[in-house]
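File shown here: my_file33.txt, holding compact mmCIF, C-alpha atoms.
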```
# COMPACT_ATOMS: atom_id res chain seq x y z
CA MET D 1 0.00 0.00 0.00
CA SER D 2 1.42 3.37 -0.96
CA ALA D 3 2.11 6.16 1.50
CA ALA D 4 -0.29 8.42 -0.44
CA VAL D 5 -3.18 6.00 0.18
CA VAL D 6 -2.36 5.82 3.89
CA ARG D 7 -2.11 9.63 4.13
CA GLU D 8 -5.48 10.00 2.40
CA ALA D 9 -7.10 7.48 4.74
CA LEU D 10 -5.62 9.18 7.81
CA SER D 11 -6.76 12.56 6.52
CA ARG D 12 -10.34 11.30 6.16
CA LEU D 13 -10.28 9.66 9.58
CA THR D 14 -8.98 12.91 11.08
CA GLU D 15 -11.79 14.88 9.42
CA GLN D 16 -14.29 12.47 10.98
CA GLY D 17 -12.67 12.86 14.39
CA LEU D 18 -11.67 9.21 14.56
CA VAL D 19 -7.93 9.82 14.71
CA GLN D 20 -5.82 12.72 15.93
CA SER D 21 -2.67 14.06 14.34
CA ASN D 22 0.22 14.74 16.67
CA PRO D 23 3.05 16.74 15.07
CA GLN D 24 6.35 14.86 15.13
CA ARG D 25 4.60 11.82 16.65
CA GLY D 26 2.14 10.64 14.00
CA PHE D 27 -1.46 9.68 14.54
CA ILE D 28 -3.39 8.17 17.41
CA VAL D 29 -6.91 6.81 17.65
CA THR D 30 -9.20 9.38 19.24
CA PRO D 31 -10.12 8.22 22.72
CA LEU D 32 -13.84 7.62 23.22
CA SER D 33 -15.66 8.36 26.42
CA VAL D 34 -18.86 6.64 27.44
CA ALA D 35 -20.71 9.82 26.45
CA ASP D 36 -19.09 9.73 22.99
CA LEU D 37 -20.07 6.10 22.53
CA LEU D 38 -23.65 6.79 23.62
CA ASP D 39 -23.83 9.74 21.22
CA LEU D 40 -22.48 7.66 18.33
CA THR D 41 -24.91 4.87 19.13
CA LYS D 42 -27.88 7.24 19.31
CA THR D 43 -26.86 8.81 15.98
CA ARG D 44 -26.56 5.39 14.36
CA VAL D 45 -29.94 4.27 15.70
CA LEU D 46 -31.67 7.45 14.50
CA ILE D 47 -30.20 7.20 11.01
CA GLU D 48 -30.77 3.46 10.73
CA THR D 49 -34.35 3.82 11.97
CA LEU D 50 -35.08 6.43 9.31
CA ALA D 51 -33.59 4.20 6.61
CA LEU D 52 -35.54 1.20 7.88
CA ARG D 53 -38.77 3.23 7.96
CA GLU D 54 -38.22 4.16 4.31
CA SER D 55 -37.39 0.55 3.41
CA ILE D 56 -40.61 -0.69 4.97
CA ARG D 57 -42.59 2.05 3.26
CA TYR D 58 -41.08 1.63 -0.21
CA GLY D 59 -39.57 -1.84 -0.27
CA ASP D 60 -41.14 -4.15 -2.81
CA LEU D 61 -41.81 -7.89 -2.73
CA ALA D 62 -38.33 -8.68 -4.09
CA TRP D 63 -36.75 -6.63 -1.27
CA GLU D 64 -38.92 -8.39 1.29
CA GLY D 65 -37.82 -11.77 -0.09
CA ARG D 66 -34.14 -10.76 0.16
CA VAL D 67 -34.68 -9.65 3.77
CA LEU D 68 -36.32 -12.98 4.64
CA ALA D 69 -33.58 -14.99 2.92
CA THR D 70 -30.85 -13.05 4.70
CA HIS D 71 -32.65 -13.41 8.03
CA HIS D 72 -32.97 -17.15 7.42
CA THR D 73 -29.18 -17.36 7.06
CA LEU D 74 -28.64 -15.25 10.18
CA ASP D 75 -31.13 -17.27 12.22
CA ARG D 76 -29.44 -20.55 11.34
CA THR D 77 -25.85 -19.45 11.83
CA PRO D 78 -24.44 -20.06 15.32
CA MET D 79 -23.45 -16.80 16.99
CA LEU D 80 -20.52 -18.25 18.88
CA ASN D 81 -17.68 -20.49 17.84
CA GLY D 82 -16.62 -21.80 21.23
CA ASP D 83 -16.05 -18.73 23.39
CA CYS D 84 -15.46 -16.43 20.41
CA ALA D 85 -17.74 -14.67 17.97
CA ASN D 86 -18.41 -16.80 14.92
CA PRO D 87 -17.09 -14.89 11.87
CA ALA D 88 -19.86 -16.42 9.74
CA TRP D 89 -22.49 -15.05 12.13
CA VAL D 90 -20.83 -11.61 12.18
CA GLN D 91 -20.95 -11.56 8.37
CA ALA D 92 -24.57 -12.81 8.28
CA HIS D 93 -25.56 -10.18 10.86
CA ARG D 94 -23.88 -7.41 8.86
CA MET D 95 -25.55 -8.59 5.65
CA PHE D 96 -28.97 -8.70 7.35
CA HIS D 97 -28.63 -5.12 8.56
CA HIS D 98 -27.47 -3.99 5.12
CA ARG D 99 -30.31 -5.85 3.43
CA ILE D 100 -33.06 -4.30 5.55
CA LEU D 101 -31.85 -0.85 4.52
CA ASP D 102 -31.71 -1.67 0.81
CA GLY D 103 -35.40 -1.09 0.22
CA SER D 104 -35.39 2.59 1.16
CA GLY D 105 -34.68 3.80 -2.36
CA VAL D 106 -32.44 6.47 -0.81
CA THR D 107 -28.93 5.30 -1.64
CA ARG D 108 -27.15 8.03 0.31
CA LEU D 109 -29.22 7.46 3.44
CA SER D 110 -28.48 3.74 3.34
CA GLY D 111 -24.80 4.51 2.77
CA ILE D 112 -24.69 6.89 5.73
CA ALA D 113 -26.37 4.26 7.90
CA ARG D 114 -23.75 1.70 6.85
CA ASP D 115 -20.95 4.20 7.48
CA CYS D 116 -22.26 4.78 10.99
CA GLY D 117 -21.67 1.14 11.75
CA THR D 118 -25.01 -0.57 11.24
CA VAL D 119 -23.85 -3.70 12.94
CA PRO D 120 -23.79 -3.54 16.72
CA SER D 121 -20.99 -5.46 18.38
CA SER D 122 -21.69 -8.99 19.54
CA THR D 123 -22.35 -9.68 23.17
CA SER D 124 -22.36 -12.87 25.14
CA SER D 125 -26.15 -13.03 24.91
CA GLY D 126 -27.64 -13.92 21.55
CA ARG D 127 -30.83 -12.09 22.40
CA THR D 128 -29.00 -8.86 23.11
CA ALA D 129 -26.82 -9.01 20.03
CA ARG D 130 -29.64 -10.02 17.72
CA GLY D 131 -32.35 -7.85 19.24
CA GLY D 132 -33.12 -4.33 18.39
CA ILE D 133 -33.51 -3.11 14.88
CA LEU D 134 -36.68 -4.93 13.92
CA THR D 135 -38.15 -4.98 17.38
CA GLY D 136 -41.00 -2.53 17.45
CA THR D 137 -40.89 -1.62 13.77
CA SER D 138 -44.67 -1.80 13.72
CA SER D 139 -44.68 1.32 15.87
CA LEU D 140 -42.74 3.23 13.24
CA SER D 141 -44.90 5.51 11.16
CA THR D 142 -44.15 3.59 8.00
CA GLY D 143 -47.43 3.85 6.23
CA ARG D 144 -47.55 0.03 6.23
CA SER D 145 -49.25 -1.73 9.10
CA PRO D 146 -47.74 -4.97 10.42
CA SER D 147 -50.61 -6.85 8.75
CA ALA D 148 -49.42 -5.49 5.37
CA LEU D 149 -46.18 -7.43 5.79
CA SER D 150 -46.12 -11.10 4.85
CA PRO D 151 -46.40 -13.69 7.65
CA GLY D 152 -42.74 -14.62 7.05
CA THR D 153 -41.63 -11.02 7.51
CA ARG D 154 -43.68 -10.68 10.69
CA THR D 155 -42.07 -13.89 12.02
CA ALA D 156 -38.59 -12.61 11.15
CA GLN D 157 -39.44 -9.31 12.82
CA ARG D 158 -40.43 -11.06 16.04
CA ARG D 159 -37.44 -13.42 16.03
CA HIS D 160 -34.76 -10.82 15.31
```

Could the structure of this file be written out as structure tokens, please?
Amino acid sequence: MSAAVVREALSRLTEQGLVQSNPQRGFIVTPLSVADLLDLTKTRVLIETLALRESIRYGDLAWEGRVLATHHTLDRTPMLNGDCANPAWVQAHRMFHHRILDGSGVTRLSGIARDCGTVPSSTSSGRTARGGILTGTSSLSTGRSPSALSPGTRTAQRRH
């Protein structure tokens, strides 16, 4: 990898506040406080919720089928591999979160949601790590009632 590519990446990370430049010393990762982490998480949830709301409102039958297929993979992939996170589950989880945002029709919004880190980190509890994004989507003002979703989608919503 060339030095120019690394400099460009560090410049972008600095602009985003993720790294700090120290003259004569290089770069360091910006320390995060609990308040910073909570703020980042809240921002991610707000953006992802908006993208999900749009996906539910505008997603078509093909999108719904892709969501169900991706959820099927996630649901049947073990979360843990011994005491460690299963890389296959991490990938399936990431793909599920990306897929549910694909129906929004707003490419930039979906991209921003992905850039915010749409995949929460795994925890020791499968329920905690898997829960969240679809829980309570029927309360979103989507313009589509839960009964408008297919039975398979409603099942996936309850299980994730």

| message | So, with all atoms listed in the file as the atoms that count, which of D:Arg114, D:Met95, D:Thr41, D:Arg25 lies closest to D:His72? | response | D:Met95

| said: Please determine, counting all atoms listed in the file, which residue among D:Ser104, D:Ser21, D:Thr77, D:Thr70 has the shortest atom-to-atom distance to D:Leu50. | reply: D:Ser104

| note | The distance between atom CA of D:Leu13 and atom CA of D:Val90 is 23.9 Å

With a distance cut-off of 8 Å and only C-alpha atoms, select the neighbouring residues of D:Val29, excluding the residue or stretch itself and same-chain residues fewer than 3 positions from it, and output the selection as an mmCIF file with C-alpha atoms, in the coordinates of the input.
```cif
data_model
loop_
_atom_site.group_PDB
_atom_site.id
_atom_site.type_symbol
_atom_site.label_atom_id
_atom_site.label_comp_id
_atom_site.auth_asym_id
_atom_site.auth_seq_id
_atom_site.Cartn_x
_atom_site.Cartn_y
_atom_site.Cartn_z
ATOM 1 C CA LEU D 18 -11.670 9.210 14.560
ATOM 2 C CA VAL D 19 -7.930 9.820 14.710
ATOM 3 C CA GLN D 20 -5.820 12.720 15.930
#
```

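For the atom pair formed by atom CA of D:Arg99 and atom CA of D:Arg76, the distance is 16.7 Å, given to one decimal.
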
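One distance worth recording is that between atom CA of D:Ala92 and atom CA of D:Met79, which is 9.6 Å.
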
| request: Find the residues near D:Gly105: any atom within 8 Å, counting only C-alpha atoms, skip ones fewer than 4 places away on the same chain, and give them as a PyMOL selection string. | output: chain D and resi 54-55+58-59

| Using all atoms listed in the file, which of D:Asp83, D:Gly65, D:Cys116, D:Asp36 sits nearest D:Asp102? |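 That would be D:Gly65, the residue with the smallest distance to D:Asp102.
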